[in-house]
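What follows is a short report on a single structure.
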Amino acid sequence: MLALDIRNLSKTYPNFQLKDVTFQLEKGYIMGFIGANGAGKTTTIKSMLNLIHTDSGEVRILGKNIAEHEIELKQEIGYAFGSIDFYTRSKIKTLTDVVKKFYANWDDEIYSYYLRRFKLDENKKIVELSTGMRVKYNLALALSHGPKLLILDEPTSGLDPIARDDLLDLFQSLVAEGEISILFSTHITSDLEKCADYITYIHNGRIINSAEKEEFIESYLLLNGSVSQLDPVKEQLISYKTNSFGFTGLIHAKDFDPSLNVKAARPTLEEIMIYFAKKEDMYV
Amino acid sequence: MNIAISNTSEKPIYQQLFEQISAQILKGELESGYSLPPIRQAAQELRVSVITVKKAWEELERCGLINTVTGKGCFVADFSPDDKLRIRNEMIMKQMVHDTSYYKSFGLTLEEVMELMKKIYEAPPDLP
């Protein structure tokens with residue numbers, strides 16, 4: 001069963017276009033949604049939740065169309081966009097009392113568990129919380145009504161390494177039963193190299209690749225060679241950099257000819273993103 | 001079962017899992033009938049993705065090292081010393097095919113490779 005099924009989403013803004021965004025997430029897995037700032041991550045996430053109206057395309061969550069079953073589905077979705085920045089003069093307690101009324105399955109016990117785990121004090125005002133604590137509070141709200149699908153926009157940004165590690169641990173324990181699925185966007189790709197099952201990469205409003213993590217990484221190679229070795233592969237490279245020591249460039253693994261004897265290594269997600277971003281610079 | 005994962009290694013993590021577990025099975029450290037932890041539990045404990053573990057387990061099964069019993073889990077297969085030898089040789093040969101293409105890319109003859117291999121077997125040099 002698919003937790004998330006997104007097909008051909010398109011939306012045109014004066015200066016930005018989401019083009020034919022399509023990807024799927026199977027139930028019980030973690031998907032990392034990566035892309036540079038302004039690539040369209042948040043726009044895609046907002047369209048999934050029917051918060052913005054797209055020009056075309058369809059979003060199905062847990063098998064149902066979000067546009068037709070919005071209220072029902074939102075009981076099953078936990079979502080968090082970064083930190084809380086509304087009602088900042090209120091205490092956590094007060095704000096939670098407002099939020100919980102919207103959820104039929106709100107569970108006070110689970111909520112108190114997360115307050116303890118995230119070391120949040122209910123009597124503090126939102127304005128008194130640090131960025132990291134606001135992110136954690138937002139997550140506590142997203143997790144306390146037994147969601148089947150978590151959609152999290154940059155949940156790890158603003159968190160220190162210890163808190164990020166704890167969060168990734170939490171994500172893995174949530175999917176361990178195979179019932180809950182998680183989509184989270186991030187640009188801290190090291191978080192994904194470990195725990196994500198799938199990677200979806202968006203660049204300039206288009207999905208470049210959406211695949212199982214290992215396949216995703218293995219579909220690219222990072223080449224490293226002397227300047228004289230550059231010419232025969234130049235045409236196939238996604239982009240490259242040269243310096244006095246030679247060149248490094250990213251290539252689709254299927255385009256690589258091993259007989260050329262150029263050193264080829266496994267790239268990191270970060271390197272893949274960097275070389276795709278460089279691609280535009282080269283043609284400008 | 002002992003597993004040590006290196007995140008800095010060039011080797012994909014599922015490959016590391018496969019190599020370490022298959023070595024322990026072939027050396028007899030994990031006996032036939034030994035029950036492997038469930039995929040999702042192993043993923044959580046090892047802090048790797050579910051699919052990573054799934055791939056490693058699938059590869060072990062494909063090589064005949066473990067069997068999956070639906071609803072019960074994965075168990076180290078029951079094999080004769082002959083089978084063990086055959087599986088071990090298959091794995092070694094797979095690695096050799098890979099290594100050989102590397103030697104060939106430098107134009108080495110079999111004799112030259114044997115000569116170097118002999119040196120390494122007798123006294124592995126300290127290479128950077």
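As shown in the structure tokens, the chain order sets the letters A, B, ...; within each chain, residues go from 1, and ligands are also counted from 1 in the order they appear.
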Identify all chain A residues at most 8 Å from chain B by counting only C-alpha atoms; ligands do not count. Present them as a list in words.
Tyr29, Ile30, Asp169, Gln172, Ser173, Ala176, Glu177, Gly178, Lys194, Cys195, Ala196, Asp197, Glu212, Glu214, Ser259, Asn261, Ala265 and Arg266 of chain A
Selected residues, N, CA and C atoms, written as an mmCIF file, in the first residue's frame, please.
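As a result, out-v2.cif now contains:
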```
data_model
loop_
_atom_site.group_PDB
_atom_site.id
_atom_site.type_symbol
_atom_site.label_atom_id
_atom_site.label_comp_id
_atom_site.auth_asym_id
_atom_site.auth_seq_id
_atom_site.Cartn_x
_atom_site.Cartn_y
_atom_site.Cartn_z
ATOM 1 N N TYR A 29 7.864 3.167 5.545
ATOM 2 C CA TYR A 29 9.238 3.551 5.220
ATOM 3 C C TYR A 29 9.480 5.052 5.424
ATOM 4 N N ILE A 30 10.764 5.390 5.412
ATOM 5 C CA ILE A 30 11.164 6.796 5.576
ATOM 6 C C ILE A 30 11.689 7.335 4.250
ATOM 7 N N ASP A 169 16.544 8.592 15.839
ATOM 8 C CA ASP A 169 16.243 7.385 16.590
ATOM 9 C C ASP A 169 14.726 7.238 16.731
ATOM 10 N N GLN A 172 13.074 6.142 13.486
ATOM 11 C CA GLN A 172 13.249 4.720 13.210
ATOM 12 C C GLN A 172 12.355 3.863 14.095
ATOM 13 N N SER A 173 12.169 4.303 15.349
ATOM 14 C CA SER A 173 11.299 3.501 16.217
ATOM 15 C C SER A 173 9.845 3.643 15.756
ATOM 16 N N ALA A 176 9.293 1.239 12.924
ATOM 17 C CA ALA A 176 9.686 -0.151 13.209
ATOM 18 C C ALA A 176 8.531 -1.142 13.114
ATOM 19 N N GLU A 177 7.320 -0.681 13.431
ATOM 20 C CA GLU A 177 6.178 -1.593 13.354
ATOM 21 C C GLU A 177 5.680 -1.754 11.920
ATOM 22 N N GLY A 178 6.127 -0.876 11.040
ATOM 23 C CA GLY A 178 5.718 -0.976 9.638
ATOM 24 C C GLY A 178 4.395 -0.297 9.329
ATOM 25 N N LYS A 194 21.925 7.733 6.636
ATOM 26 C CA LYS A 194 21.729 6.601 7.543
ATOM 27 C C LYS A 194 20.301 6.077 7.527
ATOM 28 N N CYS A 195 19.343 6.919 7.878
ATOM 29 C CA CYS A 195 18.033 6.355 8.222
ATOM 30 C C CYS A 195 17.007 6.321 7.090
ATOM 31 N N ALA A 196 17.219 7.043 5.995
ATOM 32 C CA ALA A 196 16.171 7.080 4.974
ATOM 33 C C ALA A 196 16.186 5.829 4.094
ATOM 34 N N ASP A 197 15.002 5.342 3.754
ATOM 35 C CA ASP A 197 14.896 4.218 2.826
ATOM 36 C C ASP A 197 14.879 4.722 1.391
ATOM 37 N N GLU A 212 15.072 4.255 -4.210
ATOM 38 C CA GLU A 212 15.610 3.675 -2.989
ATOM 39 C C GLU A 212 17.003 4.296 -2.807
ATOM 40 N N GLU A 214 20.061 3.536 -1.819
ATOM 41 C CA GLU A 214 21.282 2.961 -2.359
ATOM 42 C C GLU A 214 21.311 3.065 -3.888
ATOM 43 N N SER A 259 36.719 1.690 -19.171
ATOM 44 C CA SER A 259 37.986 1.506 -19.878
ATOM 45 C C SER A 259 38.782 2.804 -19.995
ATOM 46 N N ASN A 261 39.708 4.472 -17.596
ATOM 47 C CA ASN A 261 40.660 4.497 -16.493
ATOM 48 C C ASN A 261 40.651 5.762 -15.653
ATOM 49 N N ALA A 265 34.421 7.287 -7.873
ATOM 50 C CA ALA A 265 34.083 6.993 -6.485
ATOM 51 C C ALA A 265 32.588 7.189 -6.266
ATOM 52 N N ARG A 266 32.122 6.662 -5.157
ATOM 53 C CA ARG A 266 30.727 6.782 -4.772
ATOM 54 C C ARG A 266 30.502 8.191 -4.205
#
```
Among segment 183-213 of chain A, which ones does DSSP assign to strand (DSSP E or B) (computed from the backbone)? Answer as a list in words.
Leu183, Phe184, Ser185, Thr186, Tyr198, Ile199, Thr200, Tyr201, Ile202, His203, Arg206, Ile207, Ile208, Asn209, Ser210, Ala211 and Glu212 of chain A
Convert the current residue selection to file output with all heavy atoms, as a tab-separated table (two decimals), in the first residue's frame.
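File produced: selection_21.tsv:
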```
chain	number	residue	atom	x	y	z
A	183	LEU	N	7.74	11.27	5.65
A	183	LEU	CA	8.41	12.03	4.59
A	183	LEU	C	9.02	13.24	5.28
A	183	LEU	O	8.30	13.98	5.95
A	183	LEU	CB	7.41	12.49	3.53
A	183	LEU	CG	8.01	13.43	2.49
A	183	LEU	CD1	8.59	12.65	1.32
A	183	LEU	CD2	7.02	14.44	1.99
A	184	PHE	N	10.33	13.40	5.18
A	184	PHE	CA	10.85	14.65	5.73
A	184	PHE	C	11.85	15.32	4.81
A	184	PHE	O	12.66	14.68	4.18
A	184	PHE	CB	11.35	14.49	7.17
A	184	PHE	CG	12.67	13.83	7.39
A	184	PHE	CD1	13.83	14.58	7.57
A	184	PHE	CD2	12.75	12.45	7.49
A	184	PHE	CE1	15.04	13.96	7.82
A	184	PHE	CE2	13.96	11.83	7.75
A	184	PHE	CZ	15.11	12.58	7.91
A	185	SER	N	11.68	16.62	4.73
A	185	SER	CA	12.57	17.39	3.87
A	185	SER	C	13.73	17.88	4.72
A	185	SER	O	13.57	18.12	5.91
A	185	SER	CB	11.83	18.57	3.26
A	185	SER	OG	11.68	19.58	4.23
A	186	THR	N	14.86	17.99	4.11
A	186	THR	CA	16.03	18.47	4.85
A	186	THR	C	17.11	18.88	3.86
A	186	THR	O	17.09	18.46	2.71
A	186	THR	CB	16.59	17.38	5.78
A	186	THR	OG1	17.70	17.91	6.49
A	186	THR	CG2	17.04	16.15	5.02
A	198	TYR	N	14.21	5.84	1.19
A	198	TYR	CA	14.08	6.41	-0.16
A	198	TYR	C	14.54	7.85	-0.16
A	198	TYR	O	14.44	8.54	0.84
A	198	TYR	CB	12.61	6.36	-0.62
A	198	TYR	CG	12.06	4.98	-0.74
A	198	TYR	CD1	11.40	4.38	0.32
A	198	TYR	CD2	12.21	4.26	-1.92
A	198	TYR	CE1	10.90	3.10	0.22
A	198	TYR	CE2	11.72	2.97	-2.04
A	198	TYR	CZ	11.07	2.39	-0.97
A	198	TYR	OH	10.59	1.13	-1.08
A	199	ILE	N	15.01	8.29	-1.32
A	199	ILE	CA	15.41	9.69	-1.48
A	199	ILE	C	14.66	10.25	-2.69
A	199	ILE	O	14.61	9.63	-3.75
A	199	ILE	CB	16.92	9.82	-1.75
A	199	ILE	CG1	17.76	9.24	-0.61
A	199	ILE	CG2	17.30	11.28	-2.02
A	199	ILE	CD1	17.78	10.04	0.66
A	200	THR	N	14.08	11.43	-2.48
A	200	THR	CA	13.48	12.14	-3.61
A	200	THR	C	14.20	13.47	-3.71
A	200	THR	O	14.32	14.19	-2.73
A	200	THR	CB	11.97	12.34	-3.40
A	200	THR	OG1	11.37	11.06	-3.36
A	200	THR	CG2	11.36	13.15	-4.53
A	201	TYR	N	14.70	13.75	-4.90
A	201	TYR	CA	15.50	14.96	-5.08
A	201	TYR	C	14.81	15.92	-6.04
A	201	TYR	O	14.51	15.57	-7.18
A	201	TYR	CB	16.88	14.55	-5.63
A	201	TYR	CG	17.80	15.70	-5.96
A	201	TYR	CD1	17.74	16.90	-5.27
A	201	TYR	CD2	18.75	15.59	-6.98
A	201	TYR	CE1	18.59	17.95	-5.57
A	201	TYR	CE2	19.61	16.63	-7.29
A	201	TYR	CZ	19.52	17.81	-6.59
A	201	TYR	OH	20.36	18.84	-6.90
A	202	ILE	N	14.53	17.10	-5.52
A	202	ILE	CA	13.87	18.12	-6.35
A	202	ILE	C	14.86	19.24	-6.66
A	202	ILE	O	15.65	19.64	-5.79
A	202	ILE	CB	12.59	18.66	-5.65
A	202	ILE	CG1	11.78	19.55	-6.59
A	202	ILE	CG2	12.90	19.38	-4.34
A	202	ILE	CD1	10.37	19.84	-6.13
A	203	HIS	N	14.82	19.68	-7.89
A	203	HIS	CA	15.75	20.73	-8.31
A	203	HIS	C	15.01	21.63	-9.29
A	203	HIS	O	14.46	21.14	-10.28
A	203	HIS	CB	16.98	20.09	-8.96
A	203	HIS	CG	18.02	21.08	-9.38
A	203	HIS	ND1	18.69	21.84	-8.47
A	203	HIS	CD2	18.48	21.42	-10.60
A	203	HIS	CE1	19.55	22.62	-9.13
A	203	HIS	NE2	19.43	22.38	-10.41
A	206	ARG	N	11.53	20.56	-10.39
A	206	ARG	CA	11.37	19.25	-11.05
A	206	ARG	C	11.97	18.16	-10.18
A	206	ARG	O	12.99	18.38	-9.53
A	206	ARG	CB	12.15	19.20	-12.37
A	206	ARG	CG	11.56	19.98	-13.49
A	206	ARG	CD	12.57	19.90	-14.63
A	206	ARG	NE	12.32	20.95	-15.60
A	206	ARG	CZ	11.61	20.76	-16.71
A	206	ARG	NH1	11.12	19.58	-16.98
A	206	ARG	NH2	11.40	21.76	-17.54
A	207	ILE	N	11.38	16.96	-10.25
A	207	ILE	CA	11.97	15.83	-9.55
A	207	ILE	C	13.08	15.27	-10.45
A	207	ILE	O	12.83	14.85	-11.57
A	207	ILE	CB	10.92	14.73	-9.27
A	207	ILE	CG1	9.78	15.26	-8.40
A	207	ILE	CG2	11.58	13.51	-8.61
A	207	ILE	CD1	10.16	15.68	-7.01
A	208	ILE	N	14.30	15.31	-9.94
A	208	ILE	CA	15.44	14.79	-10.70
A	208	ILE	C	15.46	13.27	-10.58
A	208	ILE	O	15.74	12.55	-11.53
A	208	ILE	CB	16.77	15.36	-10.15
A	208	ILE	CG1	16.79	16.87	-10.26
A	208	ILE	CG2	17.97	14.71	-10.83
A	208	ILE	CD1	17.19	17.44	-11.58
A	209	ASN	N	15.18	12.77	-9.36
A	209	ASN	CA	15.27	11.34	-9.12
A	209	ASN	C	14.53	11.01	-7.84
A	209	ASN	O	14.60	11.75	-6.87
A	209	ASN	CB	16.75	10.96	-8.99
A	209	ASN	CG	17.01	9.48	-9.13
A	209	ASN	OD1	16.07	8.69	-9.14
A	209	ASN	ND2	18.27	9.10	-9.23
A	210	SER	N	13.78	9.91	-7.85
A	210	SER	CA	13.13	9.43	-6.64
A	210	SER	C	13.35	7.93	-6.63
A	210	SER	O	12.85	7.24	-7.50
A	210	SER	CB	11.64	9.76	-6.65
A	210	SER	OG	11.02	9.26	-5.49
A	211	ALA	N	14.14	7.43	-5.69
A	211	ALA	CA	14.51	6.02	-5.72
A	211	ALA	C	14.92	5.55	-4.34
A	211	ALA	O	15.10	6.36	-3.42
A	211	ALA	CB	15.68	5.81	-6.68
A	212	GLU	N	15.07	4.25	-4.21
A	212	GLU	CA	15.61	3.68	-2.99
A	212	GLU	C	17.00	4.30	-2.81
A	212	GLU	O	17.72	4.50	-3.78
A	212	GLU	CB	15.66	2.15	-3.18
A	212	GLU	CG	16.03	1.37	-1.94
A	212	GLU	CD	17.50	1.22	-1.80
A	212	GLU	OE1	18.16	0.85	-2.79
A	212	GLU	OE2	18.02	1.49	-0.71
```
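Among the candidates A:Asn224, A:Thr242, A:Thr248, A:Ser144, the one nearest to Lys263 of chain A when counting only C-alpha atoms is A:Asn224.
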Can you work out the spacing between atom CA of Val21 of chain A and atom CA of Lys148 of chain A in Å, to one decimal?
22.7 Å
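Near segment 77-86 of chain B, within 12 Å and counting only C-alpha atoms, sit Ser22, Ala23, Ile25, Leu26, Lys27, Gly28, Leu30, Glu31, Ser32, Gly33, Tyr34, Ser35, Leu36, Leu60, Glu61, Arg62, Cys63, Gly64, Leu65, Ile66, Asn67, Thr68, Val69, Ile92 and Met93 of chain B; same-chain residues fewer than 6 positions away were not included.
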Grab the residues selected above and save them as a PDB file, in the first residue's frame with N, CA and C atoms.
```
ATOM      1  N   SER B  22      27.877 -13.177   6.241  1.00  0.00           N
ATOM      2  CA  SER B  22      28.217 -14.376   5.477  1.00  0.00           C
ATOM      3  C   SER B  22      29.530 -14.967   5.971  1.00  0.00           C
ATOM      4  N   ALA B  23      30.490 -14.102   6.334  1.00  0.00           N
ATOM      5  CA  ALA B  23      31.754 -14.620   6.863  1.00  0.00           C
ATOM      6  C   ALA B  23      31.512 -15.402   8.145  1.00  0.00           C
ATOM      7  N   ILE B  25      28.821 -16.919   9.038  1.00  0.00           N
ATOM      8  CA  ILE B  25      28.134 -18.181   8.743  1.00  0.00           C
ATOM      9  C   ILE B  25      29.129 -19.199   8.186  1.00  0.00           C
ATOM     10  N   LEU B  26      29.937 -18.753   7.224  1.00  0.00           N
ATOM     11  CA  LEU B  26      30.861 -19.694   6.576  1.00  0.00           C
ATOM     12  C   LEU B  26      31.958 -20.176   7.520  1.00  0.00           C
ATOM     13  N   LYS B  27      32.302 -19.363   8.497  1.00  0.00           N
ATOM     14  CA  LYS B  27      33.317 -19.789   9.464  1.00  0.00           C
ATOM     15  C   LYS B  27      32.697 -20.643  10.568  1.00  0.00           C
ATOM     16  N   GLY B  28      31.363 -20.789  10.512  1.00  0.00           N
ATOM     17  CA  GLY B  28      30.699 -21.635  11.503  1.00  0.00           C
ATOM     18  C   GLY B  28      30.394 -20.928  12.813  1.00  0.00           C
ATOM     19  N   LEU B  30      28.103 -18.704  13.226  1.00  0.00           N
ATOM     20  CA  LEU B  30      26.642 -18.738  13.331  1.00  0.00           C
ATOM     21  C   LEU B  30      26.210 -20.099  12.808  1.00  0.00           C
ATOM     22  N   GLU B  31      25.606 -20.889  13.667  1.00  0.00           N
ATOM     23  CA  GLU B  31      25.266 -22.252  13.273  1.00  0.00           C
ATOM     24  C   GLU B  31      23.947 -22.303  12.532  1.00  0.00           C
ATOM     25  N   SER B  32      23.757 -23.415  11.813  1.00  0.00           N
ATOM     26  CA  SER B  32      22.507 -23.548  11.068  1.00  0.00           C
ATOM     27  C   SER B  32      21.346 -23.557  12.056  1.00  0.00           C
ATOM     28  N   GLY B  33      20.263 -22.866  11.660  1.00  0.00           N
ATOM     29  CA  GLY B  33      19.104 -22.746  12.534  1.00  0.00           C
ATOM     30  C   GLY B  33      19.129 -21.479  13.373  1.00  0.00           C
ATOM     31  N   TYR B  34      20.280 -20.805  13.396  1.00  0.00           N
ATOM     32  CA  TYR B  34      20.367 -19.539  14.133  1.00  0.00           C
ATOM     33  C   TYR B  34      19.358 -18.555  13.556  1.00  0.00           C
ATOM     34  N   SER B  35      18.611 -17.906  14.438  1.00  0.00           N
ATOM     35  CA  SER B  35      17.546 -17.013  13.973  1.00  0.00           C
ATOM     36  C   SER B  35      18.055 -15.573  13.889  1.00  0.00           C
ATOM     37  N   LEU B  36      17.987 -15.004  12.680  1.00  0.00           N
ATOM     38  CA  LEU B  36      18.412 -13.619  12.503  1.00  0.00           C
ATOM     39  C   LEU B  36      17.334 -12.687  13.062  1.00  0.00           C
ATOM     40  N   LEU B  60      21.820 -12.610   1.279  1.00  0.00           N
ATOM     41  CA  LEU B  60      22.202 -13.825   2.020  1.00  0.00           C
ATOM     42  C   LEU B  60      21.340 -15.002   1.578  1.00  0.00           C
ATOM     43  N   GLU B  61      20.068 -14.709   1.339  1.00  0.00           N
ATOM     44  CA  GLU B  61      19.152 -15.772   0.930  1.00  0.00           C
ATOM     45  C   GLU B  61      19.489 -16.242  -0.487  1.00  0.00           C
ATOM     46  N   ARG B  62      19.797 -15.281  -1.362  1.00  0.00           N
ATOM     47  CA  ARG B  62      20.123 -15.603  -2.747  1.00  0.00           C
ATOM     48  C   ARG B  62      21.364 -16.508  -2.817  1.00  0.00           C
ATOM     49  N   CYS B  63      22.278 -16.307  -1.885  1.00  0.00           N
ATOM     50  CA  CYS B  63      23.499 -17.127  -1.859  1.00  0.00           C
ATOM     51  C   CYS B  63      23.265 -18.450  -1.155  1.00  0.00           C
ATOM     52  N   GLY B  64      22.055 -18.659  -0.658  1.00  0.00           N
ATOM     53  CA  GLY B  64      21.751 -19.927   0.007  1.00  0.00           C
ATOM     54  C   GLY B  64      22.247 -20.002   1.439  1.00  0.00           C
ATOM     55  N   LEU B  65      22.610 -18.852   2.012  1.00  0.00           N
ATOM     56  CA  LEU B  65      23.143 -18.877   3.380  1.00  0.00           C
ATOM     57  C   LEU B  65      22.049 -18.853   4.442  1.00  0.00           C
ATOM     58  N   ILE B  66      20.918 -18.217   4.107  1.00  0.00           N
ATOM     59  CA  ILE B  66      19.809 -18.218   5.068  1.00  0.00           C
ATOM     60  C   ILE B  66      18.516 -18.621   4.349  1.00  0.00           C
ATOM     61  N   ASN B  67      17.528 -19.053   5.131  1.00  0.00           N
ATOM     62  CA  ASN B  67      16.206 -19.378   4.601  1.00  0.00           C
ATOM     63  C   ASN B  67      15.178 -18.511   5.293  1.00  0.00           C
ATOM     64  N   THR B  68      14.170 -18.091   4.536  1.00  0.00           N
ATOM     65  CA  THR B  68      13.081 -17.340   5.154  1.00  0.00           C
ATOM     66  C   THR B  68      11.898 -18.277   5.362  1.00  0.00           C
ATOM     67  N   VAL B  69      11.409 -18.322   6.595  1.00  0.00           N
ATOM     68  CA  VAL B  69      10.189 -19.073   6.868  1.00  0.00           C
ATOM     69  C   VAL B  69       9.097 -18.033   7.104  1.00  0.00           C
ATOM     70  N   ILE B  92      34.316 -16.003  -3.197  1.00  0.00           N
ATOM     71  CA  ILE B  92      35.705 -15.628  -3.457  1.00  0.00           C
ATOM     72  C   ILE B  92      35.884 -15.320  -4.944  1.00  0.00           C
ATOM     73  N   MET B  93      35.254 -16.157  -5.782  1.00  0.00           N
ATOM     74  CA  MET B  93      35.423 -15.949  -7.220  1.00  0.00           C
ATOM     75  C   MET B  93      34.792 -14.641  -7.695  1.00  0.00           C
TER      76      MET B  93
END
```
Would you kindly return, as a list of chain:residue names, each protein, DNA or RNA residue with an atom no farther than 10 Å from any atom of Ile3 of chain B, considering only C-alpha atoms and excluding same-chain residues fewer than 6 positions away?
B:Gln16, B:Leu17, B:Phe18, B:Glu19, B:Gln20, B:Ile21, B:Gln24, B:Leu46
Backbone-only DSSP, alpha helix (DSSP H) members of segment 47-189 of chain A, as a ChimeraX atom specification:
/A:47-48,70-74,92-100,108-117,131-143,161-175
If we count only C-alpha atoms, what is near Glu280 of chain A at a cut-off of 10 Å, once residues fewer than 4 positions away on the same chain are taken out, given as a ChimeraX atom specification?
/A:238-239,275-276,284
Nearby residues (only C-alpha atoms) at most 10 Å from Thr88 of chain A, same-chain spacing under 4 positions excluded, as a PDB file with N, CA and C atoms, in the first residue's frame:
```pdb
ATOM      1  N   ILE A  84       7.283  26.589  15.651  1.00  0.00           N
ATOM      2  CA  ILE A  84       6.016  27.282  15.918  1.00  0.00           C
ATOM      3  C   ILE A  84       6.298  28.780  15.984  1.00  0.00           C
ATOM      4  N   ILE A  92       2.849  27.131  26.379  1.00  0.00           N
ATOM      5  CA  ILE A  92       2.730  25.870  25.648  1.00  0.00           C
ATOM      6  C   ILE A  92       1.383  25.218  25.959  1.00  0.00           C
ATOM      7  N   LEU A  95      -1.603  26.762  24.173  1.00  0.00           N
ATOM      8  CA  LEU A  95      -1.628  26.496  22.737  1.00  0.00           C
ATOM      9  C   LEU A  95      -2.010  25.035  22.458  1.00  0.00           C
ATOM     10  N   LYS A 125       6.322  30.147  27.894  1.00  0.00           N
ATOM     11  CA  LYS A 125       5.685  30.773  26.736  1.00  0.00           C
ATOM     12  C   LYS A 125       6.492  30.430  25.489  1.00  0.00           C
ATOM     13  N   ILE A 126       5.797  30.399  24.350  1.00  0.00           N
ATOM     14  CA  ILE A 126       6.467  30.066  23.102  1.00  0.00           C
ATOM     15  C   ILE A 126       7.653  31.005  22.866  1.00  0.00           C
ATOM     16  N   VAL A 127       7.447  32.276  23.153  1.00  0.00           N
ATOM     17  CA  VAL A 127       8.475  33.280  22.896  1.00  0.00           C
ATOM     18  C   VAL A 127       9.741  33.014  23.720  1.00  0.00           C
ATOM     19  N   GLU A 128       9.579  32.288  24.821  1.00  0.00           N
ATOM     20  CA  GLU A 128      10.739  32.013  25.675  1.00  0.00           C
ATOM     21  C   GLU A 128      11.547  30.799  25.204  1.00  0.00           C
ATOM     22  N   LEU A 129      11.026  30.084  24.205  1.00  0.00           N
ATOM     23  CA  LEU A 129      11.708  28.871  23.755  1.00  0.00           C
ATOM     24  C   LEU A 129      12.780  29.182  22.718  1.00  0.00           C
TER      25      LEU A 129
END
```
Which polymer residues have any atom within 7 Å of an atom of Asp20 of chain A, counting only C-alpha atoms, with same-chain residues fewer than 5 positions away left out, as an MDAnalysis selection string?
chainID A and resid 8:10 206
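Compared by their closest atoms to Ser56 of chain A, and using only C-alpha atoms, the residues A:Arg134, A:Lys74, A:Arg7, A:His69 rank with A:Arg7 nearest.
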If I take atom CA of Asp97 of chain A and atom CA of Gly146 of chain A, how far is one from the other in Å, to one decimal?
16.8 Å
